[in-house]
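Working notes, beginning with the structure itself.
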Amino acid sequence: MEQARARDAALPQPPASARVPEQAGSPARPGFAQPRIPARARVLEGARGEHTHSEPPAPGTAPRTVQRHSVRGQILEALRAALVDGELIPGEVYSAPVLGERFGVSATPVREAMQQLATEGAIEVVPNRGFRVTVRSARELADLAEVRSLLEVPVMLRLARTVPAARWTALHPLAEATAAAAATGDRAAYAETDRAFHRAVLALSGNHQLVMIADDLHRRSQWPLTSAPVMRRADLVADAAEHMALLEALVAQDLKVVQSLVREHFTGAAA
């Protein structure tokens, strides 16, 4: 019991405003006013395992609430950010009731959010225990990169031939947003801006099904592997720089460079 209390006390607790706190310098994401889950190594430690369902909150913790109009969406976004940041550790089991205590909500919206993550392949249900974060192999990540390349390269080559330069120039703010997120070293924020950029590029095809499928594959490719080193800020900055280079190649209708950049972009993401 003393170990359980110590584990709870190590976890950061949100203030009475009921929102998950944000790390200093991190941009806010949709859903929460400050939706980051801080302290990468410690944040969800107390939610692991099959015996954590009845653990009490840390002594002296103020009551917390989450805005009710989008509770499930807020929890889902926070959990997705935790996946990208490596705070939800592959192979570990997390309890919905204890996660609910951390967010100041009942277990129901947490379970609903976790069920959505299960449909996306991020976690799996463990009966009578909770949810286990999926352990993925390097081969799976490489397969995702290959499928993304097969989908997006032909589309971008077609768009390079047909889309006016002004349309590509209009996407510069999205490319700049990825660079800004990369400069902070915030992997979850970078993941969101990265997907937004790719969605905007593919949306010029007018194929909404393609955009949805590609975005789902993109999200799956952003979950880190347990054996892979954490992406450094320099890696994020280099990855973001490829977005602006791609736009320049698209404006110039340089098909050879477009194809090379997109393939290398996906390969680098899977490395």
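Within each chain, counting starts at residue 1; across the structure tokens, chains are named A, B, ... in the order shown, with ligands numbered 1 upward in that order.
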
Please provide as a PDB file with N, CA, C and O atoms, in the first residue's frame all residues within 12 Å of Leu171 (chain A), with the sequence filter that same-chain residues fewer than 3 positions apart are discarded (counting only C-alpha atoms).
```pdb
ATOM      1  N   ALA A 165       0.965  26.611 -59.042  1.00  0.00           N
ATOM      2  CA  ALA A 165       1.995  26.921 -58.036  1.00  0.00           C
ATOM      3  C   ALA A 165       1.416  27.667 -56.844  1.00  0.00           C
ATOM      4  O   ALA A 165       1.853  27.460 -55.702  1.00  0.00           O
ATOM      5  N   ALA A 166       0.433  28.527 -57.084  1.00  0.00           N
ATOM      6  CA  ALA A 166      -0.147  29.315 -55.990  1.00  0.00           C
ATOM      7  C   ALA A 166      -0.792  28.431 -54.927  1.00  0.00           C
ATOM      8  O   ALA A 166      -0.798  28.780 -53.731  1.00  0.00           O
ATOM      9  N   ARG A 167      -1.339  27.289 -55.341  1.00  0.00           N
ATOM     10  CA  ARG A 167      -1.962  26.387 -54.371  1.00  0.00           C
ATOM     11  C   ARG A 167      -0.902  25.777 -53.454  1.00  0.00           C
ATOM     12  O   ARG A 167      -1.148  25.578 -52.262  1.00  0.00           O
ATOM     13  N   TRP A 168       0.251  25.468 -54.005  1.00  0.00           N
ATOM     14  CA  TRP A 168       1.340  24.923 -53.184  1.00  0.00           C
ATOM     15  C   TRP A 168       1.890  25.993 -52.245  1.00  0.00           C
ATOM     16  O   TRP A 168       2.175  25.720 -51.075  1.00  0.00           O
ATOM     17  N   LEU A 174       1.514  25.745 -43.229  1.00  0.00           N
ATOM     18  CA  LEU A 174       1.455  24.424 -42.609  1.00  0.00           C
ATOM     19  C   LEU A 174       2.852  23.821 -42.493  1.00  0.00           C
ATOM     20  O   LEU A 174       3.175  23.176 -41.484  1.00  0.00           O
ATOM     21  N   ALA A 175       3.674  24.023 -43.517  1.00  0.00           N
ATOM     22  CA  ALA A 175       5.051  23.539 -43.445  1.00  0.00           C
ATOM     23  C   ALA A 175       5.819  24.275 -42.356  1.00  0.00           C
ATOM     24  O   ALA A 175       6.621  23.679 -41.627  1.00  0.00           O
ATOM     25  N   GLU A 176       5.567  25.567 -42.238  1.00  0.00           N
ATOM     26  CA  GLU A 176       6.224  26.358 -41.200  1.00  0.00           C
ATOM     27  C   GLU A 176       5.773  25.924 -39.811  1.00  0.00           C
ATOM     28  O   GLU A 176       6.558  25.958 -38.850  1.00  0.00           O
ATOM     29  N   ALA A 177       4.516  25.511 -39.693  1.00  0.00           N
ATOM     30  CA  ALA A 177       4.013  25.038 -38.398  1.00  0.00           C
ATOM     31  C   ALA A 177       4.735  23.768 -37.970  1.00  0.00           C
ATOM     32  O   ALA A 177       5.027  23.564 -36.781  1.00  0.00           O
ATOM     33  N   THR A 178       5.038  22.888 -38.931  1.00  0.00           N
ATOM     34  CA  THR A 178       5.792  21.673 -38.574  1.00  0.00           C
ATOM     35  C   THR A 178       7.192  22.040 -38.106  1.00  0.00           C
ATOM     36  O   THR A 178       7.717  21.442 -37.159  1.00  0.00           O
ATOM     37  N   ALA A 196      -1.257  17.206 -40.380  1.00  0.00           N
ATOM     38  CA  ALA A 196      -2.040  18.294 -40.979  1.00  0.00           C
ATOM     39  C   ALA A 196      -1.450  18.690 -42.333  1.00  0.00           C
ATOM     40  O   ALA A 196      -2.188  18.953 -43.295  1.00  0.00           O
ATOM     41  N   PHE A 197      -0.136  18.752 -42.417  1.00  0.00           N
ATOM     42  CA  PHE A 197       0.515  19.103 -43.683  1.00  0.00           C
ATOM     43  C   PHE A 197       0.206  18.059 -44.757  1.00  0.00           C
ATOM     44  O   PHE A 197      -0.196  18.392 -45.878  1.00  0.00           O
ATOM     45  N   HIS A 198       0.385  16.797 -44.428  1.00  0.00           N
ATOM     46  CA  HIS A 198       0.146  15.734 -45.408  1.00  0.00           C
ATOM     47  C   HIS A 198      -1.329  15.668 -45.812  1.00  0.00           C
ATOM     48  O   HIS A 198      -1.645  15.397 -46.981  1.00  0.00           O
ATOM     49  N   ARG A 199      -2.226  15.885 -44.864  1.00  0.00           N
ATOM     50  CA  ARG A 199      -3.653  15.903 -45.210  1.00  0.00           C
ATOM     51  C   ARG A 199      -3.956  17.012 -46.212  1.00  0.00           C
ATOM     52  O   ARG A 199      -4.718  16.810 -47.164  1.00  0.00           O
ATOM     53  N   ALA A 200      -3.378  18.186 -45.982  1.00  0.00           N
ATOM     54  CA  ALA A 200      -3.635  19.317 -46.869  1.00  0.00           C
ATOM     55  C   ALA A 200      -3.113  19.050 -48.280  1.00  0.00           C
ATOM     56  O   ALA A 200      -3.757  19.413 -49.274  1.00  0.00           O
ATOM     57  N   VAL A 201      -1.954  18.426 -48.368  1.00  0.00           N
ATOM     58  CA  VAL A 201      -1.401  18.089 -49.689  1.00  0.00           C
ATOM     59  C   VAL A 201      -2.316  17.112 -50.409  1.00  0.00           C
ATOM     60  O   VAL A 201      -2.706  17.328 -51.564  1.00  0.00           O
ATOM     61  N   LEU A 202      -2.692  16.031 -49.731  1.00  0.00           N
ATOM     62  CA  LEU A 202      -3.512  15.001 -50.369  1.00  0.00           C
ATOM     63  C   LEU A 202      -4.927  15.492 -50.643  1.00  0.00           C
ATOM     64  O   LEU A 202      -5.582  15.014 -51.575  1.00  0.00           O
ATOM     65  N   ALA A 203      -5.410  16.444 -49.841  1.00  0.00           N
ATOM     66  CA  ALA A 203      -6.763  16.962 -50.039  1.00  0.00           C
ATOM     67  C   ALA A 203      -6.908  17.640 -51.400  1.00  0.00           C
ATOM     68  O   ALA A 203      -8.017  17.726 -51.947  1.00  0.00           O
ATOM     69  N   LEU A 204      -5.805  18.096 -51.969  1.00  0.00           N
ATOM     70  CA  LEU A 204      -5.862  18.721 -53.290  1.00  0.00           C
ATOM     71  C   LEU A 204      -6.245  17.722 -54.383  1.00  0.00           C
ATOM     72  O   LEU A 204      -6.603  18.119 -55.487  1.00  0.00           O
ATOM     73  N   HIS A 243       9.418  19.096 -45.651  1.00  0.00           N
ATOM     74  CA  HIS A 243       8.114  19.585 -46.095  1.00  0.00           C
ATOM     75  C   HIS A 243       8.265  20.802 -47.011  1.00  0.00           C
ATOM     76  O   HIS A 243       7.640  20.870 -48.072  1.00  0.00           O
ATOM     77  N   MET A 244       9.093  21.757 -46.602  1.00  0.00           N
ATOM     78  CA  MET A 244       9.294  22.937 -47.427  1.00  0.00           C
ATOM     79  C   MET A 244      10.001  22.571 -48.728  1.00  0.00           C
ATOM     80  O   MET A 244       9.675  23.109 -49.794  1.00  0.00           O
ATOM     81  N   LEU A 246       9.721  19.790 -50.277  1.00  0.00           N
ATOM     82  CA  LEU A 246       8.721  19.142 -51.121  1.00  0.00           C
ATOM     83  C   LEU A 246       7.847  20.180 -51.813  1.00  0.00           C
ATOM     84  O   LEU A 246       7.561  20.061 -53.017  1.00  0.00           O
ATOM     85  N   LEU A 247       7.414  21.203 -51.074  1.00  0.00           N
ATOM     86  CA  LEU A 247       6.596  22.241 -51.694  1.00  0.00           C
ATOM     87  C   LEU A 247       7.352  22.941 -52.824  1.00  0.00           C
ATOM     88  O   LEU A 247       6.778  23.241 -53.878  1.00  0.00           O
ATOM     89  N   GLU A 248       8.623  23.197 -52.623  1.00  0.00           N
ATOM     90  CA  GLU A 248       9.420  23.846 -53.663  1.00  0.00           C
ATOM     91  C   GLU A 248       9.515  22.968 -54.906  1.00  0.00           C
ATOM     92  O   GLU A 248       9.433  23.462 -56.037  1.00  0.00           O
ATOM     93  N   LEU A 250       7.304  20.719 -55.798  1.00  0.00           N
ATOM     94  CA  LEU A 250       5.970  20.677 -56.394  1.00  0.00           C
ATOM     95  C   LEU A 250       5.693  21.945 -57.202  1.00  0.00           C
ATOM     96  O   LEU A 250       5.106  21.881 -58.293  1.00  0.00           O
ATOM     97  N   VAL A 251       6.124  23.083 -56.677  1.00  0.00           N
ATOM     98  CA  VAL A 251       5.955  24.338 -57.416  1.00  0.00           C
ATOM     99  C   VAL A 251       6.731  24.282 -58.735  1.00  0.00           C
ATOM    100  O   VAL A 251       6.241  24.719 -59.790  1.00  0.00           O
TER     101      VAL A 251
END
```

Near-Phe266 (chain A) list (12 Å; only C-alpha atoms; drop same-chain fewer than 4 positions) as an MDAnalysis selection string: chainID A and resid 141:153 194 198 217:218 221:222 239 242:243 259:262 270:271

Kindly save the residues from that selection, with N, CA and C atoms included, as a JSON list (two decimals), in the first residue's frame.
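Resulting contents of part.json:
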```
[["chain", "number", "residue", "atom", "x", "y", "z"],
["A", 141, "LEU", "N", 6.64, -1.24, -38.97],
["A", 141, "LEU", "CA", 6.84, 0.17, -39.29],
["A", 141, "LEU", "C", 7.30, 0.33, -40.73],
["A", 142, "ALA", "N", 8.17, -0.56, -41.19],
["A", 142, "ALA", "CA", 8.63, -0.51, -42.57],
["A", 142, "ALA", "C", 7.49, -0.80, -43.54],
["A", 143, "ASP", "N", 6.61, -1.74, -43.16],
["A", 143, "ASP", "CA", 5.45, -2.05, -44.00],
["A", 143, "ASP", "C", 4.53, -0.85, -44.13],
["A", 144, "LEU", "N", 4.32, -0.13, -43.02],
["A", 144, "LEU", "CA", 3.49, 1.07, -43.06],
["A", 144, "LEU", "C", 4.10, 2.12, -44.00],
["A", 145, "ALA", "N", 5.41, 2.29, -43.93],
["A", 145, "ALA", "CA", 6.09, 3.25, -44.80],
["A", 145, "ALA", "C", 5.93, 2.86, -46.26],
["A", 146, "GLU", "N", 6.00, 1.56, -46.54],
["A", 146, "GLU", "CA", 5.84, 1.10, -47.92],
["A", 146, "GLU", "C", 4.43, 1.37, -48.45],
["A", 147, "VAL", "N", 3.43, 1.08, -47.62],
["A", 147, "VAL", "CA", 2.05, 1.30, -48.05],
["A", 147, "VAL", "C", 1.78, 2.79, -48.25],
["A", 148, "ARG", "N", 2.28, 3.62, -47.34],
["A", 148, "ARG", "CA", 2.11, 5.07, -47.49],
["A", 148, "ARG", "C", 2.75, 5.55, -48.79],
["A", 149, "SER", "N", 3.91, 5.02, -49.08],
["A", 149, "SER", "CA", 4.60, 5.42, -50.30],
["A", 149, "SER", "C", 3.81, 5.01, -51.55],
["A", 150, "LEU", "N", 3.27, 3.80, -51.52],
["A", 150, "LEU", "CA", 2.47, 3.33, -52.65],
["A", 150, "LEU", "C", 1.23, 4.19, -52.87],
["A", 151, "LEU", "N", 0.66, 4.69, -51.79],
["A", 151, "LEU", "CA", -0.53, 5.53, -51.90],
["A", 151, "LEU", "C", -0.21, 6.97, -52.30],
["A", 152, "GLU", "N", 0.77, 7.56, -51.63],
["A", 152, "GLU", "CA", 0.96, 9.00, -51.75],
["A", 152, "GLU", "C", 1.87, 9.43, -52.89],
["A", 153, "VAL", "N", 2.87, 8.63, -53.22],
["A", 153, "VAL", "CA", 3.79, 9.05, -54.28],
["A", 153, "VAL", "C", 3.06, 9.26, -55.61],
["A", 194, "ASP", "N", 2.54, 17.53, -38.57],
["A", 194, "ASP", "CA", 3.00, 16.70, -39.68],
["A", 194, "ASP", "C", 1.82, 16.09, -40.42],
["A", 198, "HIS", "N", 0.39, 16.80, -44.43],
["A", 198, "HIS", "CA", 0.15, 15.73, -45.41],
["A", 198, "HIS", "C", -1.33, 15.67, -45.81],
["A", 217, "LEU", "N", -2.98, 5.63, -41.70],
["A", 217, "LEU", "CA", -1.67, 4.99, -41.82],
["A", 217, "LEU", "C", -0.58, 5.87, -41.23],
["A", 218, "HIS", "N", -0.70, 7.17, -41.49],
["A", 218, "HIS", "CA", 0.28, 8.13, -40.97],
["A", 218, "HIS", "C", 0.29, 8.10, -39.45],
["A", 221, "SER", "N", 2.00, 5.12, -38.07],
["A", 221, "SER", "CA", 3.46, 5.15, -38.27],
["A", 221, "SER", "C", 4.17, 6.03, -37.25],
["A", 222, "GLN", "N", 3.42, 6.85, -36.51],
["A", 222, "GLN", "CA", 4.03, 7.77, -35.55],
["A", 222, "GLN", "C", 4.21, 7.17, -34.17],
["A", 239, "ASP", "N", 13.31, 16.41, -40.39],
["A", 239, "ASP", "CA", 12.10, 15.87, -41.00],
["A", 239, "ASP", "C", 11.19, 17.00, -41.47],
["A", 242, "GLU", "N", 12.00, 18.82, -44.76],
["A", 242, "GLU", "CA", 11.63, 18.13, -46.01],
["A", 242, "GLU", "C", 10.28, 18.59, -46.53],
["A", 243, "HIS", "N", 9.42, 19.10, -45.65],
["A", 243, "HIS", "CA", 8.11, 19.59, -46.09],
["A", 243, "HIS", "C", 8.26, 20.80, -47.01],
["A", 259, "GLN", "N", 9.34, 12.66, -56.15],
["A", 259, "GLN", "CA", 9.32, 11.22, -55.86],
["A", 259, "GLN", "C", 10.41, 10.86, -54.86],
["A", 260, "SER", "N", 11.61, 11.39, -55.06],
["A", 260, "SER", "CA", 12.72, 11.08, -54.16],
["A", 260, "SER", "C", 12.46, 11.58, -52.75],
["A", 261, "LEU", "N", 11.95, 12.82, -52.63],
["A", 261, "LEU", "CA", 11.70, 13.40, -51.31],
["A", 261, "LEU", "C", 10.64, 12.63, -50.54],
["A", 262, "VAL", "N", 9.55, 12.27, -51.22],
["A", 262, "VAL", "CA", 8.47, 11.57, -50.53],
["A", 262, "VAL", "C", 8.92, 10.20, -50.07],
["A", 270, "ALA", "N", 10.40, 5.70, -40.83],
["A", 270, "ALA", "CA", 10.37, 4.30, -40.39],
["A", 270, "ALA", "C", 11.70, 3.84, -39.83],
["A", 271, "ALA", "N", 12.74, 4.68, -39.97],
["A", 271, "ALA", "CA", 14.07, 4.26, -39.53],
["A", 271, "ALA", "C", 14.16, 4.19, -38.01]]
```

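When CA of Glu92 (chain A) is paired with CA of Val105 (chain A), their separation reads 21.8 Å.
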
Residue nearest Arg187 (chain A) - candidates A:Arg233, A:Lys256, A:His208, A:His172, atoms counted: only C-alpha atoms: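 Smallest separation from Arg187 (chain A) among the options: A:Arg233.
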